[in-house]
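Source file: coords-v3.csv; contents: CSV, C-alpha atoms.
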```
chain,number,residue,atom,x,y,z
A,801,MET,CA,-13.9,6.7,-15.6
A,802,GLN,CA,-15.6,3.8,-13.9
A,803,LYS,CA,-16.3,0.3,-15.3
A,804,LYS,CA,-18.9,-2.1,-14.1
A,805,LEU,CA,-17.6,-5.5,-13.1
A,806,THR,CA,-19.7,-8.6,-12.3
A,807,ILE,CA,-18.1,-11.1,-9.9
A,808,THR,CA,-19.4,-14.3,-8.4
A,809,ILE,CA,-18.8,-15.0,-4.7
A,810,ASP,CA,-20.0,-17.4,-2.1
A,811,GLU,CA,-23.5,-16.5,-0.7
A,812,LYS,CA,-22.1,-16.3,2.9
A,813,VAL,CA,-19.3,-14.0,1.8
A,814,TYR,CA,-21.9,-11.8,0.1
A,815,GLU,CA,-24.1,-11.8,3.2
A,816,GLY,CA,-21.1,-10.9,5.4
A,817,LEU,CA,-20.1,-8.0,3.1
A,818,HIS,CA,-23.7,-6.8,3.0
A,819,LYS,CA,-24.0,-6.9,6.7
A,820,THR,CA,-20.6,-5.6,7.6
A,821,ILE,CA,-19.9,-3.1,4.9
A,822,GLY,CA,-23.3,-2.1,3.8
A,823,ALA,CA,-25.2,-2.6,0.5
A,824,ARG,CA,-24.1,0.6,-1.2
A,825,LYS,CA,-20.5,0.4,0.0
A,826,ILE,CA,-19.3,-3.0,-1.2
A,827,SER,CA,-17.8,-1.8,-4.6
A,828,LYS,CA,-15.7,0.9,-2.8
A,829,PHE,CA,-14.6,-1.6,-0.2
A,830,VAL,CA,-13.5,-4.1,-2.8
A,831,GLU,CA,-11.7,-1.5,-4.9
A,832,GLU,CA,-9.8,-0.2,-1.9
A,833,LEU,CA,-8.6,-3.7,-1.1
A,834,VAL,CA,-7.6,-4.6,-4.7
A,835,ARG,CA,-6.1,-1.3,-5.8
A,836,PRO,CA,-2.7,-1.6,-4.2
A,837,HIS,CA,-2.3,-5.0,-5.8
A,838,VAL,CA,-3.0,-4.0,-9.4
A,839,ILE,CA,-2.0,-0.3,-9.7
A,840,ARG,CA,1.6,0.5,-9.4
A,841,HIS,CA,2.6,4.1,-8.8
A,842,ASN,CA,5.4,5.5,-10.8
A,843,LEU,CA,8.3,4.5,-8.5
A,844,GLU,CA,10.9,6.4,-10.4
A,845,SER,CA,9.2,9.7,-9.9
A,846,ALA,CA,8.4,8.9,-6.3
A,847,TYR,CA,12.1,8.0,-5.6
A,848,ALA,CA,13.2,11.2,-7.3
A,849,GLN,CA,10.8,13.3,-5.2
A,850,MET,CA,12.1,11.6,-2.0
A,851,ALA,CA,15.7,12.2,-3.1
A,852,SER,CA,15.0,15.9,-3.6
A,853,ASP,CA,14.1,16.2,0.1
A,854,LYS,CA,17.6,17.0,1.4
A,855,LYS,CA,16.6,16.8,5.1
A,856,ARG,CA,15.0,13.4,4.6
A,857,GLU,CA,18.1,12.2,2.6
A,858,GLU,CA,20.4,13.3,5.4
A,859,GLU,CA,18.3,11.4,7.9
A,860,ALA,CA,18.2,8.3,5.7
A,861,ILE,CA,22.0,8.3,5.3
A,862,GLU,CA,22.6,8.8,9.0
A,863,TRP,CA,20.2,5.9,9.7
A,864,ALA,CA,22.0,3.7,7.2
A,865,GLU,CA,25.4,4.5,8.6
A,866,VAL,CA,24.3,3.7,12.1
A,867,THR,CA,22.7,0.4,11.0
A,868,PHE,CA,25.8,-0.7,9.1
A,869,LYS,CA,28.0,0.1,12.1
A,870,ASP,CA,25.7,-2.0,14.3
A,871,ILE,CA,25.9,-4.9,11.8
A,872,ALA,CA,29.7,-4.7,11.7
A,873,HIS,CA,29.8,-5.3,15.5
A,874,GLU,CA,27.5,-8.3,15.5
A,875,THR,CA,28.8,-11.7,16.3
A,876,ALA,CA,27.5,-14.7,14.4
```

Mind converting the file's structure to structure tokens?
Amino acid sequence: MQKKLTITIDEKVYEGLHKTIGARKISKFVEELVRPHVIRHNLESAYAQMASDKKREEEAIEWAEVTFKDIAHETA
């Protein structure tokens, strides 16, 4: 479901949006910019899904082990 939102912005910003994005596309543009900042995906299920991918998990563990070995040999 969609909701209507009225916002106030500087006239030059509006003109830039209108010219760059297009009159009928501003709402979608703003929503796509704002969405990742206000809607959090369910991280727990995303992590569980990633963990169930055995090949990906093996690659991640291998990467982590190589990274830790590299760190162990660094000099301060």

One decimal, Å: what's the distance from atom CA of A:Ile826 over to atom CA of A:Tyr814, could you say?
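Atom CA of A:Tyr814 lies at a distance of 9.3 Å from atom CA of A:Ile826.
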
Quick one: everything within 12 Å of stretch 828-836 of chain A, counting all atoms listed in the file, minus sequence neighbours fewer than 3 positions away in the same chain. Send it as a list in words.
Gln802, Lys803, Lys804, Leu805, Ile807, Tyr814, Leu817, His818, Thr820, Ile821, Gly822, Ala823, Arg824, Lys825, Ile839, Arg840 and His841 of chain A

Preceding selection exported with C-alpha atoms as a PDB file, in the coordinates of the input:
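Final file, out26.pdb:
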```
ATOM      1  CA  GLN A 802     -15.600   3.800 -13.900  1.00  0.00           C
ATOM      2  CA  LYS A 803     -16.300   0.300 -15.300  1.00  0.00           C
ATOM      3  CA  LYS A 804     -18.900  -2.100 -14.100  1.00  0.00           C
ATOM      4  CA  LEU A 805     -17.600  -5.500 -13.100  1.00  0.00           C
ATOM      5  CA  ILE A 807     -18.100 -11.100  -9.900  1.00  0.00           C
ATOM      6  CA  TYR A 814     -21.900 -11.800   0.100  1.00  0.00           C
ATOM      7  CA  LEU A 817     -20.100  -8.000   3.100  1.00  0.00           C
ATOM      8  CA  HIS A 818     -23.700  -6.800   3.000  1.00  0.00           C
ATOM      9  CA  THR A 820     -20.600  -5.600   7.600  1.00  0.00           C
ATOM     10  CA  ILE A 821     -19.900  -3.100   4.900  1.00  0.00           C
ATOM     11  CA  GLY A 822     -23.300  -2.100   3.800  1.00  0.00           C
ATOM     12  CA  ALA A 823     -25.200  -2.600   0.500  1.00  0.00           C
ATOM     13  CA  ARG A 824     -24.100   0.600  -1.200  1.00  0.00           C
ATOM     14  CA  LYS A 825     -20.500   0.400   0.000  1.00  0.00           C
ATOM     15  CA  ILE A 839      -2.000  -0.300  -9.700  1.00  0.00           C
ATOM     16  CA  ARG A 840       1.600   0.500  -9.400  1.00  0.00           C
ATOM     17  CA  HIS A 841       2.600   4.100  -8.800  1.00  0.00           C
TER      18      HIS A 841
END
```

Atom pair atom CA of A:Ser827 / atom CA of A:Thr806: separation (Å):
10.4 Å

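The interatomic distance for the pair atom CA of A:Tyr847 and atom CA of A:Lys869 works out to 25.1 Å.
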